[in-house]
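Colleague: Mind looking over this structure? Questions follow.
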Amino acid sequence: MLKENVFNKDIKEWYLKSLDVKDNSLTTYLSLFNKATLIENQKNKDIFDMNKVELEELFYSLKSPSPQPISASIGFISRYIDWAIMNGYTENRSQRLPSIIDIEYCSRFIYKASIVRYTREQLITYMRLFDDQRHAVFLLCLFEGIKGEGYSEILNLKMADLSNDNGVCFARLTNNKGYRRKIEITEDLYWKLEKLDKISSTSLTPKQGQKYFTDNTYIFKKANSKSSDIQLRASFGNRALDLAKTIFDNSNLIASTIQISGMMWYLWEMVKDNEVKTLDKELLEKVANKYDTGYANKDNKYVSYSILKHKLDFDFMKTNYGDFNIEL
């Protein structure tokens, strides 16, 4: 239910009842209306009576870390305003939002104060602070583009999926829906995964009397288990991220924090040795393929350059890696 202090609570609930949506979407819309409460109280008016400046203040207050979620929120609010006008709940009929809600418009409301990115060097330093090195290597997998729904690409990994040909390493990945892909990984990650695979160790320094596993076990498996093949579940990844929030001193840290940090590192790796360092669409396609993200249509792998561009922080890259040109 909506909070009691929301303006025109009954009208909002009537609007939600008019929508033919699933329960999870309804929960999202209820949450959005509740978040708008503070601005409505400050302005002493309902969303549908706000002007353009007030609405944009509302959008920024939602503190979205990326343009995609705020795009959905703006679209919902726009439809709510249209519904209120059509049903005579407001006399404010002026067009207060753009006719097309695109990524460029939404990107201005990204709450950058909550966004922290990390270099690879910073990540490696933090990894040494984990008691359980499986959690640390899990983060490095995210950083190098391995994830999958429910972290399935990470949790499904076996040594048989990895190859190392004189320092050129690859990982064959499988998610929980059977989707397969192959990406290049660093030799550093390869050897860290190899160490996890061979020993049931969770510490930086292997202890005497550890149990060794057979080659067909998952790399991310339960430590010191009597069974040789018990795979960890998604809760393991959630635990790793919860621990990282404390170790990194960043309560806003999520999986995409690490992934996007890795995307920027990977971009720099591709240009750092070039005399003229230029980020272009070809490089963004390589990022999309490696990190399995940034697709406008994932079925046919159509890359949205605007989505990818707004995931990246070019100022962060220039400050921490070096200068480059942008041709996007």
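Following the order of the structure tokens, chains are lettered A, B, ..., residues in each are numbered from 1, and ligands are numbered from 1.
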Could you pull out the alpha helix (DSSP H) residues of region 26-79 of chain A from DSSP and send them as a VMD selection string?
Modeller: chain A and resid 26 to 35 37 to 43 52 to 61 67 to 79
Colleague: Region 115-127 of chain A: which residues within 9 Å, counting only C-alpha atoms, same-chain residues fewer than 3 positions away excluded, as JSON, numbers by chain?
Modeller: {"A": [65, 111, 112, 130, 133, 135, 136, 137, 139, 140, 143, 244, 247, 248, 250, 252, 253, 257, 258, 260, 261, 262, 264, 265, 313, 316, 317, 320, 321]}
Colleague: Residues within 12 Å of region 270-274 of chain A, please, as number ranges by chain. Count only C-alpha atoms; anything in the same chain fewer than 6 positions from it doesn't count.
Modeller: A: 263-264, 280, 282-284, 286-287, 317-318, 321-326
Colleague: Could you save the residues just selected, with all heavy atoms, as a compact mmCIF listing (two decimals), in the first residue's frame?
Modeller:
# COMPACT_ATOMS: atom_id res chain seq x y z
N MET A 263 35.15 -3.07 -17.34
CA MET A 263 34.94 -2.63 -18.73
C MET A 263 35.89 -1.50 -19.07
O MET A 263 36.47 -1.45 -20.17
CB MET A 263 33.48 -2.21 -18.92
CG MET A 263 32.51 -3.37 -18.92
SD MET A 263 30.78 -2.87 -18.66
CE MET A 263 30.49 -1.85 -20.11
N MET A 264 36.08 -0.57 -18.13
CA MET A 264 36.96 0.57 -18.38
C MET A 264 38.43 0.13 -18.42
O MET A 264 39.21 0.61 -19.25
CB MET A 264 36.72 1.65 -17.33
CG MET A 264 35.34 2.29 -17.45
SD MET A 264 35.08 3.71 -16.37
CE MET A 264 34.97 2.89 -14.78
N ASP A 280 36.49 3.91 -30.00
CA ASP A 280 35.52 4.00 -31.08
C ASP A 280 34.49 2.88 -30.94
O ASP A 280 34.51 2.09 -29.99
CB ASP A 280 36.20 3.93 -32.45
CG ASP A 280 37.07 2.68 -32.60
OD1 ASP A 280 36.83 1.69 -31.87
OD2 ASP A 280 37.99 2.70 -33.44
N GLU A 282 34.04 0.20 -32.64
CA GLU A 282 34.59 -1.16 -32.76
C GLU A 282 35.05 -1.68 -31.40
O GLU A 282 34.83 -2.84 -31.05
CB GLU A 282 35.77 -1.16 -33.74
CG GLU A 282 36.37 -2.53 -33.96
CD GLU A 282 37.53 -2.52 -34.93
OE1 GLU A 282 37.77 -1.47 -35.57
OE2 GLU A 282 38.21 -3.56 -35.06
N LEU A 283 35.69 -0.80 -30.62
CA LEU A 283 36.12 -1.21 -29.29
C LEU A 283 34.94 -1.44 -28.36
O LEU A 283 34.95 -2.36 -27.53
CB LEU A 283 37.05 -0.15 -28.69
CG LEU A 283 38.41 0.03 -29.37
CD1 LEU A 283 39.25 1.06 -28.62
CD2 LEU A 283 39.15 -1.30 -29.45
N LEU A 284 33.88 -0.61 -28.48
CA LEU A 284 32.70 -0.81 -27.65
C LEU A 284 32.02 -2.15 -27.96
O LEU A 284 31.46 -2.79 -27.07
CB LEU A 284 31.71 0.33 -27.84
CG LEU A 284 32.07 1.68 -27.18
CD1 LEU A 284 30.88 2.63 -27.19
CD2 LEU A 284 32.57 1.51 -25.75
N LYS A 286 33.59 -4.84 -28.80
CA LYS A 286 34.41 -5.85 -28.10
C LYS A 286 34.07 -5.88 -26.62
O LYS A 286 34.03 -6.96 -26.01
CB LYS A 286 35.89 -5.54 -28.32
CG LYS A 286 36.35 -5.77 -29.76
CD LYS A 286 37.84 -5.48 -29.91
CE LYS A 286 38.29 -5.74 -31.34
NZ LYS A 286 39.73 -5.47 -31.54
N VAL A 287 33.83 -4.71 -26.04
CA VAL A 287 33.42 -4.65 -24.63
C VAL A 287 32.07 -5.34 -24.45
O VAL A 287 31.88 -6.12 -23.50
CB VAL A 287 33.34 -3.18 -24.16
CG1 VAL A 287 32.66 -3.09 -22.79
CG2 VAL A 287 34.73 -2.57 -24.08
N MET A 317 38.54 7.14 -16.30
CA MET A 317 39.58 6.50 -17.10
C MET A 317 40.76 7.43 -17.33
O MET A 317 41.92 7.02 -17.20
CB MET A 317 38.99 6.05 -18.44
CG MET A 317 38.00 4.90 -18.33
SD MET A 317 37.36 4.41 -19.96
CE MET A 317 38.86 3.84 -20.76
N LYS A 318 40.49 8.69 -17.67
CA LYS A 318 41.57 9.63 -17.95
C LYS A 318 42.37 9.94 -16.69
O LYS A 318 43.60 10.09 -16.74
CB LYS A 318 41.00 10.90 -18.56
CG LYS A 318 40.49 10.71 -19.99
CD LYS A 318 39.95 12.00 -20.58
CE LYS A 318 39.49 11.78 -22.02
NZ LYS A 318 39.00 13.01 -22.67
N TYR A 321 44.01 6.10 -15.79
CA TYR A 321 44.76 5.33 -16.80
C TYR A 321 45.58 6.22 -17.73
O TYR A 321 46.76 6.00 -17.92
CB TYR A 321 43.80 4.45 -17.61
CG TYR A 321 43.14 3.37 -16.79
CD1 TYR A 321 41.75 3.25 -16.74
CD2 TYR A 321 43.90 2.45 -16.06
CE1 TYR A 321 41.15 2.25 -15.99
CE2 TYR A 321 43.31 1.46 -15.30
CZ TYR A 321 41.93 1.36 -15.27
OH TYR A 321 41.34 0.38 -14.52
N GLY A 322 44.96 7.21 -18.33
CA GLY A 322 45.68 8.08 -19.26
C GLY A 322 44.73 8.75 -20.22
O GLY A 322 43.53 8.46 -20.26
N ASP A 323 45.26 9.64 -21.04
CA ASP A 323 44.42 10.43 -21.96
C ASP A 323 44.13 9.63 -23.23
O ASP A 323 44.91 8.77 -23.63
CB ASP A 323 45.12 11.73 -22.31
CG ASP A 323 44.13 12.79 -22.82
OD1 ASP A 323 42.92 12.60 -22.61
OD2 ASP A 323 44.58 13.77 -23.43
N PHE A 324 43.01 9.94 -23.88
CA PHE A 324 42.62 9.26 -25.11
C PHE A 324 41.58 10.11 -25.83
O PHE A 324 41.01 11.04 -25.26
CB PHE A 324 42.02 7.87 -24.80
CG PHE A 324 40.93 7.88 -23.77
CD1 PHE A 324 39.62 8.13 -24.13
CD2 PHE A 324 41.22 7.65 -22.43
CE1 PHE A 324 38.60 8.14 -23.17
CE2 PHE A 324 40.22 7.67 -21.47
CZ PHE A 324 38.91 7.92 -21.86
N ASN A 325 41.36 9.78 -27.09
CA ASN A 325 40.32 10.44 -27.90
C ASN A 325 39.08 9.59 -27.91
O ASN A 325 39.12 8.37 -27.71
CB ASN A 325 40.82 10.64 -29.34
CG ASN A 325 42.08 11.46 -29.40
OD1 ASN A 325 42.19 12.47 -28.73
ND2 ASN A 325 43.05 11.01 -30.20
N ILE A 326 37.94 10.23 -28.13
CA ILE A 326 36.66 9.54 -28.19
C ILE A 326 36.01 9.81 -29.54
O ILE A 326 35.79 10.96 -29.91
CB ILE A 326 35.72 9.99 -27.06
CG1 ILE A 326 36.38 9.77 -25.69
CG2 ILE A 326 34.39 9.25 -27.12
CD1 ILE A 326 35.59 10.35 -24.53
Colleague: Counting only C-alpha atoms, what is within 8 Å of region 69-86 of chain A, bar same-chain residues fewer than 3 positions away, as a VMD selection string?
Modeller: chain A and resid 15 29 32 47 to 48 59 62 64 66 89 to 93 97 101 to 103 106 109 to 110
Colleague: Hey, which bits of region 225-323 of chain A sit within 10 Å of region 177-197 of chain A, and for each residue what's the closest pair of atoms and how far apart in Å (one decimal), counting only C-alpha atoms, rows by chain and increasing number, as CSV?
Modeller:
residue,atom,partner,partner_atom,distance
A:Asn289,CA,A:Ile183,CA,8.1
A:Lys290,CA,A:Ile183,CA,5.9
A:Tyr291,CA,A:Ile183,CA,8.8
A:Asp292,CA,A:Arg181,CA,9.3
Colleague: Mind pulling up the distance from CA of Lys63 (chain A) to CA of Lys17 (chain A)?
Modeller: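 Distance between the two atoms: 26.7 Å.
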